[in-house]
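Text of query.txt, listed as compact mmCIF, C-alpha atoms:
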# COMPACT_ATOMS: atom_id res chain seq x y z
CA THR A 25 22.36 -6.59 -40.82
CA ARG A 26 19.33 -7.56 -42.89
CA THR A 27 18.42 -10.99 -44.25
CA GLY A 28 16.59 -11.70 -47.53
CA ASN A 29 13.85 -9.24 -48.36
CA GLU A 30 12.84 -8.57 -44.76
CA SER A 31 11.91 -4.96 -44.10
CA GLY A 32 13.32 -4.97 -40.53
CA TRP A 33 16.72 -5.55 -39.04
CA SER A 34 17.59 -9.13 -38.10
CA ARG A 35 20.55 -8.06 -35.98
CA PHE A 36 21.74 -4.73 -34.64
CA LYS A 37 23.94 -3.36 -31.89
CA ALA A 38 24.34 0.11 -30.42
CA SER A 39 25.91 1.87 -27.47
CA GLY A 40 26.23 5.45 -26.33
CA ARG A 41 25.33 8.14 -23.83
CA VAL A 42 22.37 10.50 -23.92
CA GLY A 43 21.90 13.61 -21.77
CA GLY A 44 18.62 15.26 -20.80
CA LEU A 45 16.55 12.46 -22.33
CA ALA A 46 12.76 12.62 -22.16
CA LEU A 47 10.17 9.96 -23.00
CA ALA A 48 6.54 11.05 -23.18
CA PRO A 49 4.14 8.88 -21.16
CA GLU A 50 1.22 7.26 -22.95
CA ALA A 51 -2.14 6.67 -21.31
CA LEU A 52 -4.12 3.52 -22.14
CA ALA A 53 -7.84 4.06 -22.47
CA ALA A 54 -10.09 1.91 -20.33
CA SER A 55 -12.65 -0.34 -21.96
CA GLY A 56 -15.38 1.81 -23.46
CA THR A 57 -13.34 5.05 -23.47
CA SER A 58 -11.32 6.66 -26.19
CA PRO A 59 -7.51 6.72 -26.32
CA GLY A 60 -6.09 9.60 -24.31
CA SER A 61 -9.02 9.65 -21.88
CA ALA A 62 -8.40 12.05 -19.01
CA HIS A 63 -9.18 9.31 -16.53
CA PRO A 64 -7.73 6.04 -17.79
CA GLU A 65 -8.42 3.04 -15.61
CA ARG A 66 -5.44 1.02 -16.82
CA PRO A 67 -1.78 1.83 -16.21
CA GLY A 68 -0.20 3.25 -19.34
CA ARG A 69 3.37 3.49 -20.54
CA PRO A 70 5.54 5.34 -18.00
CA GLY A 71 7.53 8.37 -19.04
CA PHE A 72 10.36 10.50 -17.70
CA ARG A 73 12.19 13.77 -18.22
CA GLY A 74 15.73 14.93 -17.46
CA ALA A 75 17.49 11.55 -17.56
CA ASN A 76 21.16 10.99 -18.38
CA ILE A 77 21.61 7.47 -19.74
CA GLY A 78 24.52 5.30 -20.79
CA PHE A 79 23.40 2.22 -22.75
CA GLU A 80 24.33 -0.89 -24.69
CA LEU A 81 21.67 -2.78 -26.64
CA ASP A 82 21.07 -5.31 -29.39
CA GLN A 83 18.11 -7.17 -30.90
CA SER A 84 17.71 -9.42 -27.84
CA GLY A 85 17.94 -6.79 -25.07
CA GLY A 86 20.32 -4.42 -23.39
CA GLN A 87 21.43 -2.62 -20.28
CA ALA A 88 21.65 0.97 -19.14
CA THR A 89 22.67 3.18 -16.25
CA ILE A 90 20.32 6.04 -15.38
CA ASP A 91 21.09 9.26 -13.53
CA MET A 92 18.57 12.04 -13.01
CA ALA A 93 18.75 15.39 -11.22
CA HIS A 94 15.65 17.61 -10.95
CA GLY A 95 13.69 15.52 -13.41
CA THR A 96 10.32 13.77 -13.37
CA LEU A 97 8.79 10.30 -13.59
CA SER A 98 5.27 9.88 -15.00
CA PHE A 99 2.91 6.96 -14.37
CA PRO A 100 -0.38 7.53 -16.26
CA GLY A 101 -3.27 5.54 -14.91
CA VAL A 102 -1.37 4.69 -11.70
CA PHE A 103 -1.56 7.86 -9.58
CA GLU A 104 -4.10 10.68 -9.48
CA GLU A 105 -1.21 13.10 -10.05
CA PRO A 106 0.74 10.99 -12.56
CA THR A 107 3.94 13.06 -12.63
CA LEU A 108 6.36 12.69 -9.71
CA PRO A 109 9.11 15.33 -9.35
CA MET A 110 12.50 13.76 -8.62
CA ASP A 111 15.36 15.70 -7.05
CA ARG A 112 17.69 12.73 -7.55
CA LEU A 113 17.37 9.27 -9.07
CA SER A 114 19.91 6.66 -10.13
CA ALA A 115 19.48 3.04 -11.20
CA ASP A 116 20.83 0.17 -13.27
CA LEU A 117 18.45 -1.20 -15.90
CA SER A 118 18.53 -4.35 -18.04
CA TRP A 119 15.96 -5.88 -20.38
CA ARG A 120 15.41 -8.90 -22.60
CA LEU A 121 13.22 -9.29 -25.68
CA GLN A 122 11.82 -12.54 -27.03
CA GLY A 123 9.16 -12.14 -29.68
CA ASP A 124 6.31 -10.14 -28.17
CA ASP A 125 7.48 -10.87 -24.61
CA MET A 126 9.72 -8.60 -22.58
CA ASP A 127 11.17 -8.53 -19.10
CA VAL A 128 12.92 -5.66 -17.32
CA THR A 129 15.08 -5.62 -14.18
CA VAL A 130 15.79 -2.45 -12.20
CA SER A 131 18.51 -2.70 -9.56
CA ARG A 132 20.33 -0.34 -7.21
CA MET A 133 17.67 2.34 -7.58
CA LYS A 134 18.08 5.33 -5.28
CA LEU A 135 15.57 8.18 -5.30
CA ALA A 136 14.75 11.35 -3.41
CA ASN A 137 12.25 14.19 -3.68
CA ALA A 138 10.52 16.62 -1.32
CA ASP A 139 8.30 13.83 0.06
CA LEU A 140 10.62 10.84 0.44
CA GLN A 141 14.09 9.37 0.22
CA GLY A 142 14.94 5.71 -0.29
CA GLN A 143 15.94 2.82 -2.50
CA ALA A 144 14.20 0.06 -4.44
CA SER A 145 14.55 -2.82 -6.88
CA ALA A 146 12.05 -4.21 -9.35
CA GLN A 147 11.38 -6.84 -11.98
CA TRP A 148 8.66 -6.45 -14.60
CA ARG A 149 7.55 -8.71 -17.43
CA THR A 150 4.70 -8.91 -19.87
CA SER A 151 1.73 -11.04 -18.84
CA ASP A 152 0.54 -14.27 -20.40
CA PRO A 153 -2.56 -13.08 -22.34
CA ALA A 154 -4.29 -16.42 -21.79
CA ARG A 155 -4.12 -15.99 -17.99
CA ALA A 156 -3.96 -12.23 -17.41
CA PRO A 157 -7.10 -10.44 -16.14
CA SER A 158 -6.60 -7.85 -18.90
CA GLY A 159 -6.48 -10.53 -21.63
CA SER A 160 -3.27 -8.96 -22.96
CA ARG A 161 0.43 -8.68 -22.17
CA PHE A 162 -0.10 -5.35 -20.42
CA PRO A 163 0.00 -3.81 -17.82
CA GLY A 164 2.24 -6.78 -16.94
CA VAL A 165 3.54 -8.53 -13.84
CA LEU A 166 5.55 -6.52 -11.31
CA GLN A 167 7.79 -7.54 -8.41
CA LEU A 168 8.74 -4.34 -6.56
CA GLN A 169 10.25 -3.90 -3.14
CA GLY A 170 12.07 -1.11 -1.39
CA THR A 171 12.64 0.98 1.68
CA LEU A 172 12.45 4.67 2.49
CA SER A 173 14.59 6.19 5.22
CA GLN A 174 12.28 9.17 5.59
CA GLY A 175 9.03 10.60 4.31
CA ARG A 176 6.26 13.06 5.06
CA GLY A 177 3.22 11.43 6.64
CA GLU A 178 0.79 13.99 5.23
CA ARG A 179 1.91 13.06 1.70
CA VAL A 180 1.11 9.34 1.98
CA HIS A 181 -2.10 9.84 -0.02
CA ARG A 182 -0.04 11.11 -2.97
CA TYR A 183 1.38 7.62 -3.54
CA LEU A 184 -1.83 5.57 -3.25
CA PRO A 185 -2.70 4.06 -6.66
CA LEU A 186 -5.89 4.86 -8.55
CA VAL A 187 -7.19 1.32 -8.03
CA ILE A 188 -7.98 2.36 -4.45
CA ALA A 189 -11.41 4.02 -4.40
CA PRO A 190 -11.37 7.84 -4.82
CA SER A 191 -13.34 8.26 -1.58
CA ALA A 192 -10.72 6.25 0.29
CA ARG A 193 -7.82 8.27 -1.14
CA THR A 194 -9.69 11.46 -0.22
CA TYR A 195 -10.20 10.08 3.30
CA VAL A 196 -6.48 9.32 3.75
CA LYS A 197 -5.60 12.82 2.51
CA ALA A 198 -7.97 14.43 5.01
CA ALA A 199 -7.20 12.09 7.93
CA VAL A 200 -3.37 12.13 7.99
CA LEU A 201 -2.65 15.72 9.01
CA SER A 202 1.10 15.71 9.65
CA GLY A 203 3.99 13.62 10.92
CA GLN A 204 7.26 12.01 9.98
CA ALA A 205 7.47 8.61 8.33
CA GLN A 206 10.53 6.49 9.09
CA ASP A 207 11.66 2.99 8.14
CA VAL A 208 9.13 2.70 5.31
CA ARG A 209 8.88 -0.72 3.64
CA PHE A 210 6.85 -1.29 0.49
CA LYS A 211 6.12 -4.29 -1.69
CA VAL A 212 4.10 -4.97 -4.84
CA ALA A 213 3.96 -8.47 -6.32
CA GLY A 214 1.60 -9.77 -8.98
CA ASP A 215 -0.18 -9.02 -12.24
CA LEU A 216 -1.00 -5.31 -12.15
CA GLY A 217 -4.43 -6.07 -13.57
CA HIS A 218 -5.34 -7.40 -10.09
CA MET A 219 -4.04 -4.34 -8.21
CA PRO A 220 -4.49 -3.79 -5.20
CA PHE A 221 -4.68 -7.59 -4.86
CA GLU A 222 -7.64 -7.88 -2.50
CA ARG A 223 -7.44 -11.68 -2.81
CA PRO A 224 -4.17 -13.06 -1.39
CA GLN A 225 -3.85 -15.52 -4.28
CA ASP A 226 -3.65 -12.59 -6.73
CA GLY A 227 -0.57 -10.94 -5.22
CA ASP A 228 0.71 -8.54 -2.57
CA PHE A 229 0.42 -4.81 -2.06
CA GLN A 230 1.77 -3.49 1.22
CA VAL A 231 3.23 -0.29 2.59
CA ALA A 232 4.32 -0.27 6.24
CA LEU A 233 5.87 2.76 7.90
CA ARG A 234 6.96 3.79 11.34
CA VAL A 235 5.47 7.17 12.18
CA LYS A 236 6.53 9.79 14.71
CA GLY A 237 4.53 12.82 15.75
CA LEU A 238 1.57 11.79 13.56
CA ASP A 239 -1.62 13.85 13.82
CA LEU A 240 -4.58 11.72 12.68
CA ALA A 241 -8.16 12.95 12.30
CA PHE A 242 -9.68 9.46 12.19
CA VAL A 243 -13.07 11.02 11.38
CA PRO A 244 -12.07 14.11 9.32
CA PRO A 245 -14.27 17.23 9.06
CA GLY A 246 -15.75 16.14 5.72
CA TRP A 247 -17.01 12.93 7.35
CA GLN A 248 -18.51 14.51 10.48
CA VAL A 249 -22.23 14.07 11.11
CA THR A 250 -24.15 17.33 10.72
CA GLY A 251 -25.49 18.61 14.03
CA LEU A 252 -23.03 16.69 16.20
CA PRO A 253 -19.77 17.97 17.66
CA PRO A 254 -16.60 16.79 15.87
CA TRP A 255 -14.58 13.74 16.81
CA PRO A 256 -11.30 14.92 18.36
CA ALA A 257 -8.12 14.33 16.38
CA LEU A 258 -5.41 12.05 17.73
CA ARG A 259 -2.18 13.98 18.31
CA GLN A 260 1.54 13.20 18.26
CA LEU A 261 1.12 9.50 17.68
CA ASP A 262 4.15 7.23 17.65
CA GLY A 263 3.64 3.82 16.09
CA GLU A 264 3.14 2.08 12.76
CA LEU A 265 0.84 2.80 9.80
CA VAL A 266 0.15 -0.11 7.42
CA PHE A 267 -1.60 -0.27 4.05
CA ASP A 268 -2.20 -3.96 3.32
CA ARG A 269 -3.99 -4.59 0.03
CA ALA A 270 -7.27 -2.64 0.40
CA SER A 271 -7.03 -2.00 4.15
CA MET A 272 -5.36 0.56 6.40
CA SER A 273 -4.40 0.20 10.04
CA ALA A 274 -2.56 2.24 12.67
CA ASN A 275 -0.90 0.59 15.67
CA VAL A 276 -0.07 3.30 18.19
CA GLN A 277 2.22 2.96 21.18
CA SER A 278 1.70 6.47 22.54
CA GLY A 279 -0.04 9.74 21.75
CA GLY A 280 -2.66 12.20 22.92
CA ILE A 281 -6.13 13.54 22.13
CA ALA A 282 -6.82 17.07 20.91
CA GLY A 283 -8.46 19.19 23.60
CA ALA A 284 -7.68 16.71 26.39
CA PRO A 285 -4.61 17.96 28.28
CA GLY A 286 -2.73 15.34 30.28
CA LEU A 287 -4.51 12.41 28.61
CA ARG A 288 -2.07 9.78 27.32
CA LEU A 289 -3.14 7.33 24.62
CA GLY A 290 -1.74 3.86 24.13
CA PRO A 291 -1.74 1.22 23.12
CA LEU A 292 -4.35 1.90 20.43
CA GLN A 293 -5.33 0.27 17.15
CA ALA A 294 -7.30 2.02 14.40
CA ARG A 295 -8.29 0.07 11.29
CA ILE A 296 -10.29 0.41 8.09
CA GLY A 297 -10.83 -3.11 6.81
CA HIS A 298 -11.75 -1.99 3.30
CA LEU A 299 -10.66 1.33 1.81
CA ALA A 300 -13.92 2.14 0.07
CA SER A 301 -16.92 4.41 0.59
CA ASP A 302 -18.62 1.68 2.64
CA GLY A 303 -15.58 1.25 4.90
CA VAL A 304 -15.77 1.32 8.69
CA VAL A 305 -13.24 2.96 11.01
CA GLU A 306 -12.68 0.70 14.02
CA VAL A 307 -10.78 2.08 17.02
CA ASN A 308 -9.71 0.04 20.03
CA GLY A 309 -7.46 1.32 22.78
CA GLN A 310 -7.05 2.90 26.14
CA ALA A 311 -6.05 6.20 27.68
CA GLU A 312 -4.74 7.20 31.08
CA GLY A 313 -4.85 10.57 32.81
CA PRO A 314 -7.17 13.04 34.55
CA LEU A 315 -10.78 11.94 34.77
CA ALA A 316 -11.81 15.52 34.02
CA SER A 317 -10.09 15.29 30.61
CA MET A 318 -11.86 11.99 29.90
CA LEU A 319 -15.23 13.56 30.67
CA ALA A 320 -14.38 16.45 28.34
CA VAL A 321 -13.69 13.99 25.49
CA VAL A 322 -17.08 12.35 26.06
CA ASN A 323 -19.10 15.55 26.45
CA HIS A 324 -17.49 17.47 23.59
CA SER A 325 -17.66 14.73 20.96
CA PRO A 326 -20.38 12.51 19.40
CA LEU A 327 -19.88 10.21 22.41
CA ALA A 328 -22.25 12.52 24.30
CA GLU A 329 -25.07 11.66 21.90
CA LEU A 330 -24.11 7.98 21.78
CA THR A 331 -24.33 7.79 25.59
CA GLY A 332 -27.63 9.66 25.76
CA GLN A 333 -26.05 12.72 27.42
CA ALA A 334 -25.70 10.58 30.55
CA LEU A 335 -22.48 12.28 31.68
CA THR A 336 -23.31 15.87 30.75
CA GLN A 337 -23.76 16.94 34.39
CA ALA A 338 -21.01 14.71 35.80
CA SER A 339 -17.80 15.98 37.33
CA ALA A 340 -14.72 14.09 38.48
CA SER A 341 -11.22 14.51 39.81
CA GLY A 342 -8.15 12.32 40.11
CA PRO A 343 -6.62 9.88 37.63
CA GLY A 344 -8.36 7.17 35.63
CA VAL A 345 -8.05 4.63 32.84
CA LEU A 346 -10.37 4.80 29.81
CA LYS A 347 -11.11 1.78 27.60
CA LEU A 348 -12.46 2.74 24.20
CA HIS A 349 -14.02 0.87 21.28
CA LEU A 350 -15.55 2.65 18.28
CA ALA A 351 -16.94 1.44 14.97
CA VAL A 352 -17.79 4.41 12.72
CA PRO A 353 -19.07 3.81 9.16
CA LEU A 354 -17.43 6.36 6.83
CA ALA A 355 -20.71 6.84 4.98
CA GLN A 356 -22.41 7.86 8.25

Turn the structure described in the file into structure tokens.
Amino acid sequence: TRTGNESGWSRFKASGRVGGLALAPEALAASGTSPGSAHPERPGRPGFRGANIGFELDQSGGQATIDMAHGTLSFPGVFEEPTLPMDRLSADLSWRLQGDDMDVTVSRMKLANADLQGQASAQWRTSDPARAPSGSRFPGVLQLQGTLSQGRGERVHRYLPLVIAPSARTYVKAAVLSGQAQDVRFKVAGDLGHMPFERPQDGDFQVALRVKGLDLAFVPPGWQVTGLPPWPALRQLDGELVFDRASMSANVQSGGIAGAPGLRLGPLQARIGHLASDGVVEVNGQAEGPLASMLAVVNHSPLAELTGQALTQASASGPGVLKLHLAVPLAQ
């Protein structure tokens, strides 16, 4: 219905079903760039393809059920590869409109693709322009939480948002070589303009996952120092990997070291306090096994240079326990 001479509708109501629906994503240009910039710094409007939707809506809001098979979700300005293939996705969606403000609730979401399988729920609303870091209602305030029953460890980098420094995302891609992620828990809470919420008062961003059989090159080939032998990769690690705001840590119960037969790692903690180009990899832990394998780790890694070649001519037999602490700046 219309009232008076208003050009818009004062009240409306609709319901129906749509198959194979697609909504094109829209990138938001960062300050100082033109619309449609190839590298937007702000999250834009999400998009999707291949959705089957049943809906009811009116001028104040609505609700919908979503089912997708072999479709895509797109998040411009959020991920380096903005389009995520989805083998399956289902969810219930509701929204409310009040003037220029909007809030959306997503419940009973289940999703699966080649990298992961899990479930999630979310609430999103427009920001208060007077308080938001963006000075506008967008990108909005998000409360997201969920779990994944399985995932591929080597694909973790794919789901790190663009607000994490490119060098850090490149490091994670090079460092996590393989492994299975289990019991993954993720949470995002706060105004997305503060992402990844380095200050606790701004919000939460956390991904915690149990890993099995993880191969981790904690100093990957691209970060090796020219002229020195490589740091050995850590092999078949079982433990937990945590991304907490702008940090990453690995808590390992057991594992091994490449090129060191019989050497058993654990417990061990590896941490990068700040995922940026000036970050530092800190490793603390112990290993048990043949002394000969321990000497090989020292003499065939940068530890030989750090210890002044003191053990180059040494030999040993029998078992031993190795205590290890390293602090390696990524830039060096």

Show which residues sit within 9 Å of Asp215 of chain A, as a VMD selection string. Count all atoms listed in the file, and ignore same-chain residues fewer than 3 positions away.
chain A and resid 151 156 to 157 162 to 167 218 to 219 221 226 to 227

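Proximity ranking of A:Ser325, A:Ser202, A:Ser34, A:Ser191 relative to Trp255 of chain A places A:Ser325 first, based on only C-alpha atoms.
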
List as a ChimeraX atom specification the protein and nucleic acid residues near segment 132-135 of chain A, meaning an atom at most 12 Å away when only C-alpha atoms are counted, but skip any in the same chain fewer than 2 places from it.
/A:89-97,108-118,129-130,137-147,168-175

Step by step: start from the point (-10.4, 2.5, 19.4) in the file's coordinates, keep every protein, DNA or RNA residue that has an atom no farther than 9 Å from it, count all atoms listed in the file, and write the set as a ChimeraX atom specification.
/A:292-295,305-310,347-351

Same residues, C-alpha atoms, output as a JSON list (two decimals), keeping the file's coordinate frame:
[["chain", "number", "residue", "atom", "x", "y", "z"],
["A", 292, "LEU", "CA", -4.35, 1.90, 20.43],
["A", 293, "GLN", "CA", -5.33, 0.27, 17.15],
["A", 294, "ALA", "CA", -7.30, 2.02, 14.40],
["A", 295, "ARG", "CA", -8.29, 0.07, 11.29],
["A", 305, "VAL", "CA", -13.24, 2.96, 11.01],
["A", 306, "GLU", "CA", -12.68, 0.70, 14.02],
["A", 307, "VAL", "CA", -10.78, 2.08, 17.02],
["A", 308, "ASN", "CA", -9.71, 0.04, 20.03],
["A", 309, "GLY", "CA", -7.46, 1.32, 22.78],
["A", 310, "GLN", "CA", -7.05, 2.90, 26.14],
["A", 347, "LYS", "CA", -11.11, 1.78, 27.60],
["A", 348, "LEU", "CA", -12.46, 2.74, 24.20],
["A", 349, "HIS", "CA", -14.02, 0.87, 21.28],
["A", 350, "LEU", "CA", -15.55, 2.65, 18.28],
["A", 351, "ALA", "CA", -16.94, 1.44, 14.97]]

List the neighbours of segment 178-186 of chain A out to 6 Å using all atoms listed in the file; skip same-chain residues closer than 6 positions along the sequence, and give me the result as a count of residues only.
7

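Using all atoms listed in the file for every distance, the candidate list A:Ala189, A:Ala316, A:Ala199, A:Ala338 yields A:Ala189 as the residue closest to Ser271 of chain A.
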
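Distance-wise, atom CA of Ala192 of chain A and atom CA of Asp302 of chain A end up 9.4 Å apart.
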
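Take the candidates A:Leu121, A:Ala136, A:Val235, A:Leu346 and check each one against Gln83 of chain A using only C-alpha atoms; the shortest distance goes to A:Leu121.
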
Nearest residue to Gly263 of chain A out of A:Lys236, A:Arg149, A:Arg161, A:His324, using all atoms listed in the file?
A:Lys236

Compile the contact shell of Val345 of chain A as a PyMOL selection string: residues with an atom at most 9 Å away, counting all atoms listed in the file, same-chain residues fewer than 6 positions apart removed.
chain A and resi 310-315+318

Which residues, protein or nucleic acid, reach to within 6 Å of (18.8, 12.8, -21.8) in the file's coordinates when using all atoms listed in the file, and can you give that as a VMD selection string?
chain A and resid 42 to 45 74 to 76

Any chance you could export the current selection's C-alpha atoms as a CSV table (one decimal), in the coordinates of the input?
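Dumped everything to again03.csv:
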chain,number,residue,atom,x,y,z
A,42,VAL,CA,22.4,10.5,-23.9
A,43,GLY,CA,21.9,13.6,-21.8
A,44,GLY,CA,18.6,15.3,-20.8
A,45,LEU,CA,16.6,12.5,-22.3
A,74,GLY,CA,15.7,14.9,-17.5
A,75,ALA,CA,17.5,11.6,-17.6
A,76,ASN,CA,21.2,11.0,-18.4

Neighbour list for Gln333 of chain A as a VMD selection string, cut-off 9 Å, all atoms listed in the file, skip fewer than 5 positions in-chain
chain A and resid 323 327 to 328

Only C-alpha atoms, please: the residues just picked out, written as an mmCIF file, in the frame of the given file.
data_model
loop_
_atom_site.group_PDB
_atom_site.id
_atom_site.type_symbol
_atom_site.label_atom_id
_atom_site.label_comp_id
_atom_site.auth_asym_id
_atom_site.auth_seq_id
_atom_site.Cartn_x
_atom_site.Cartn_y
_atom_site.Cartn_z
ATOM 1 C CA ASN A 323 -19.100 15.550 26.450
ATOM 2 C CA LEU A 327 -19.880 10.210 22.410
ATOM 3 C CA ALA A 328 -22.250 12.520 24.300
#
